[in-house]
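In what follows, a single structure is set out as structure tokens and then discussed.
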Amino acid sequence: MTFSLMKSLLCLALLLIPQAAQKSVPVGEEPRHRVVFSNKYVRVIDAEVRAGDTTLFHTHTEDNVPVAISGGRMRTEVMGGKVSESSVETGGVWFARGTYTHKISNTGRTTLRFIDAEILASPGTASSDAPLDKVPGLKLEIENERVRIYRVKLAPGQKTGMHSHALAGLDVAITRGKVAVVSGDRQQKAAEVKPGEFSWRAGAGDHSIENVGQSIYEAVEIEWK
Ligand SMILES: [Zn+2]
Ligand SMILES: [Zn+2]
């Protein structure tokens, strides 16, 4: 057998390695996923997949809450399992239970971006409080044994008014906006907020959010049980 024939056979053999032999990486090591914040309770991942791009197979070991900052069309392939096509709306939020391994292809024309909040541990706060369903602009969207997720939607000039979160958590902005926040007795200066900006609330606390911009402001507030 000539050297070049051997080389071609080797190439052919490499091409024939079945899918099942593919490896996966932990989500924090997947190149399109950036760990941007972490503490004992949360790890925040900023994930961006460009049009036409596909992630490596990656494993999510933790329960997590993805928030779609830029939605679009995608194909999800579960390792050794099914392939599904879906379209995700900007602002979409859901709860995903770890562990699972998958890869995501962006089948649309715009970049997909998610802020993914991994639930690492519970701060152990009592969670028997009634949900904040009477607060203007707040709507309870998901509740289970680990989290409570509210959507904040404020028209220009609208404010939530002072409300109290009994639980620690993460607030994630979906739209661009200009908001004035009062935390406890501290009046913060009105600030421009960018899509995907987030802040961790370390414990129970009061705050009020006012939309002082010209367009609808949307965010999610995730509470840790
Ligand atoms: Zn993933
Ligand atoms: Zn709030």
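FYI, nothing fancy with the structure tokens labels: chains A, B, ... in order, residues from 1 per chain, ligands from 1 as they appear.
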
Hey, which residues sit close to ligand 1? Say within 9 Å, counting only C-alpha atoms and all ligand atoms, and write them as a VMD selection string. chain A and resid 27 30 33 47 55 57 to 60 76 100 to 104 116

Let's have the selection written as a tab-separated table (two decimals), in the first residue's frame, with all heavy atoms.
```tsv
chain	number	residue	atom	x	y	z
A	27	VAL	N	-20.28	23.51	30.26
A	27	VAL	CA	-20.80	24.73	29.62
A	27	VAL	C	-19.86	25.92	29.82
A	27	VAL	O	-19.68	26.75	28.93
A	27	VAL	CB	-22.25	25.05	30.07
A	27	VAL	CG1	-22.35	25.29	31.57
A	27	VAL	CG2	-22.81	26.23	29.30
A	30	GLU	N	-17.28	26.07	27.06
A	30	GLU	CA	-17.70	26.18	25.66
A	30	GLU	C	-17.36	27.60	25.19
A	30	GLU	O	-17.71	28.56	25.87
A	30	GLU	CB	-19.22	25.90	25.57
A	30	GLU	CG	-19.70	25.37	24.22
A	30	GLU	CD	-19.60	26.35	23.10
A	30	GLU	OE1	-19.86	27.54	23.35
A	30	GLU	OE2	-19.25	25.96	21.98
A	33	HIS	N	-19.79	30.57	25.36
A	33	HIS	CA	-20.37	30.84	26.68
A	33	HIS	C	-19.31	31.48	27.56
A	33	HIS	O	-18.24	30.91	27.74
A	33	HIS	CB	-20.85	29.54	27.34
A	33	HIS	CG	-21.98	28.86	26.62
A	33	HIS	ND1	-21.81	28.19	25.44
A	33	HIS	CD2	-23.29	28.74	26.95
A	33	HIS	CE1	-22.98	27.68	25.04
A	33	HIS	NE2	-23.90	28.00	25.94
A	47	ALA	N	-24.10	33.97	26.83
A	47	ALA	CA	-23.87	33.09	25.68
A	47	ALA	C	-24.30	33.78	24.40
A	47	ALA	O	-25.40	34.35	24.34
A	47	ALA	CB	-24.65	31.79	25.86
A	55	THR	N	-22.59	25.53	18.50
A	55	THR	CA	-21.74	25.35	19.69
A	55	THR	C	-21.18	23.94	19.68
A	55	THR	O	-21.64	23.07	18.95
A	55	THR	CB	-22.55	25.53	20.99
A	55	THR	OG1	-23.47	24.42	21.12
A	55	THR	CG2	-23.31	26.84	21.02
A	57	PHE	N	-20.84	20.35	21.69
A	57	PHE	CA	-21.68	19.69	22.69
A	57	PHE	C	-21.19	20.15	24.05
A	57	PHE	O	-19.98	20.15	24.31
A	57	PHE	CB	-21.55	18.16	22.58
A	57	PHE	CG	-22.50	17.55	21.59
A	57	PHE	CD1	-22.03	16.96	20.43
A	57	PHE	CD2	-23.87	17.56	21.85
A	57	PHE	CE1	-22.92	16.39	19.53
A	57	PHE	CE2	-24.77	16.99	20.94
A	57	PHE	CZ	-24.29	16.40	19.77
A	58	HIS	N	-22.10	20.60	24.90
A	58	HIS	CA	-21.70	21.06	26.22
A	58	HIS	C	-22.70	20.59	27.27
A	58	HIS	O	-23.87	20.37	26.97
A	58	HIS	CB	-21.54	22.59	26.24
A	58	HIS	CG	-22.78	23.33	25.86
A	58	HIS	ND1	-23.11	23.58	24.53
A	58	HIS	CD2	-23.79	23.85	26.60
A	58	HIS	CE1	-24.25	24.23	24.49
A	58	HIS	NE2	-24.71	24.40	25.73
A	59	THR	N	-22.22	20.45	28.49
A	59	THR	CA	-23.02	19.87	29.57
A	59	THR	C	-23.39	20.93	30.61
A	59	THR	O	-22.53	21.66	31.09
A	59	THR	CB	-22.25	18.72	30.24
A	59	THR	OG1	-21.94	17.76	29.22
A	59	THR	CG2	-23.07	18.04	31.33
A	60	HIS	N	-24.69	21.00	30.88
A	60	HIS	CA	-25.20	21.84	31.97
A	60	HIS	C	-25.45	20.91	33.15
A	60	HIS	O	-26.34	20.08	33.09
A	60	HIS	CB	-26.52	22.50	31.57
A	60	HIS	CG	-26.43	23.46	30.42
A	60	HIS	ND1	-26.33	24.82	30.59
A	60	HIS	CD2	-26.43	23.25	29.08
A	60	HIS	CE1	-26.28	25.41	29.41
A	60	HIS	NE2	-26.35	24.49	28.47
A	76	THR	N	-31.70	22.52	18.31
A	76	THR	CA	-31.08	21.96	19.50
A	76	THR	C	-30.91	20.46	19.31
A	76	THR	O	-31.86	19.78	18.94
A	76	THR	CB	-31.98	22.20	20.73
A	76	THR	OG1	-32.27	23.60	20.81
A	76	THR	CG2	-31.31	21.76	22.02
A	100	TYR	N	-27.87	17.98	31.58
A	100	TYR	CA	-28.12	17.58	30.20
A	100	TYR	C	-26.97	18.07	29.31
A	100	TYR	O	-26.24	18.99	29.68
A	100	TYR	CB	-29.47	18.14	29.69
A	100	TYR	CG	-29.61	19.64	29.81
A	100	TYR	CD1	-29.27	20.47	28.74
A	100	TYR	CD2	-30.06	20.22	30.98
A	100	TYR	CE1	-29.40	21.85	28.86
A	100	TYR	CE2	-30.20	21.60	31.10
A	100	TYR	CZ	-29.87	22.40	30.03
A	100	TYR	OH	-29.98	23.77	30.15
A	101	THR	N	-26.80	17.39	28.19
A	101	THR	CA	-25.75	17.73	27.23
A	101	THR	C	-26.40	17.98	25.88
A	101	THR	O	-27.19	17.15	25.42
A	101	THR	CB	-24.72	16.59	27.12
A	101	THR	OG1	-24.14	16.38	28.41
A	101	THR	CG2	-23.62	16.91	26.12
A	102	HIS	N	-26.09	19.12	25.29
A	102	HIS	CA	-26.68	19.43	23.98
A	102	HIS	C	-25.76	20.36	23.21
A	102	HIS	O	-24.75	20.81	23.72
A	102	HIS	CB	-28.08	20.04	24.14
A	102	HIS	CG	-28.11	21.39	24.77
A	102	HIS	ND1	-29.27	22.10	24.99
A	102	HIS	CD2	-27.10	22.20	25.24
A	102	HIS	CE1	-28.99	23.26	25.55
A	102	HIS	NE2	-27.71	23.34	25.71
A	103	LYS	N	-26.14	20.59	21.94
A	103	LYS	CA	-25.47	21.66	21.20
A	103	LYS	C	-26.55	22.47	20.49
A	103	LYS	O	-27.62	21.96	20.17
A	103	LYS	CB	-24.42	21.11	20.23
A	103	LYS	CG	-24.95	20.33	19.05
A	103	LYS	CD	-23.80	19.93	18.13
A	103	LYS	CE	-24.32	19.16	16.93
A	103	LYS	NZ	-23.23	18.71	16.06
A	104	ILE	N	-26.23	23.75	20.27
A	104	ILE	CA	-27.20	24.69	19.70
A	104	ILE	C	-26.64	25.22	18.38
A	104	ILE	O	-25.50	25.65	18.33
A	104	ILE	CB	-27.40	25.91	20.65
A	104	ILE	CG1	-27.76	25.48	22.08
A	104	ILE	CG2	-28.38	26.92	20.08
A	104	ILE	CD1	-29.19	25.08	22.29
A	116	ASP	N	-27.73	33.29	31.07
A	116	ASP	CA	-28.16	32.05	31.70
A	116	ASP	C	-27.73	32.08	33.17
A	116	ASP	O	-26.56	32.20	33.48
A	116	ASP	CB	-27.52	30.87	30.96
A	116	ASP	CG	-28.06	29.54	31.44
A	116	ASP	OD1	-29.20	29.50	31.95
A	116	ASP	OD2	-27.35	28.53	31.31
```

Can you tell me which residues sit at most 8 Å away from ligand 2, counting only C-alpha atoms and all ligand atoms, written as a ChimeraX atom specification? /A:138,160,163-165,206-209,221

Give me the residues near Ala166 in chain A as a count of residues only, where near means some atom within 10 Å (using only C-alpha atoms) and where sequence neighbours in that chain fewer than 3 positions away do not count. 17

From a DSSP pass on the backbone, collect the residues of range 28-104 of chain A flagged as strand (DSSP E) and hand them back as a ChimeraX atom specification. /A:33-38,42-49,58-60,64-70,72-78,83-88,100-104

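In this structure, CA of Gly52 in chain A sits 17.8 Å away from CA of Ala68 in chain A.
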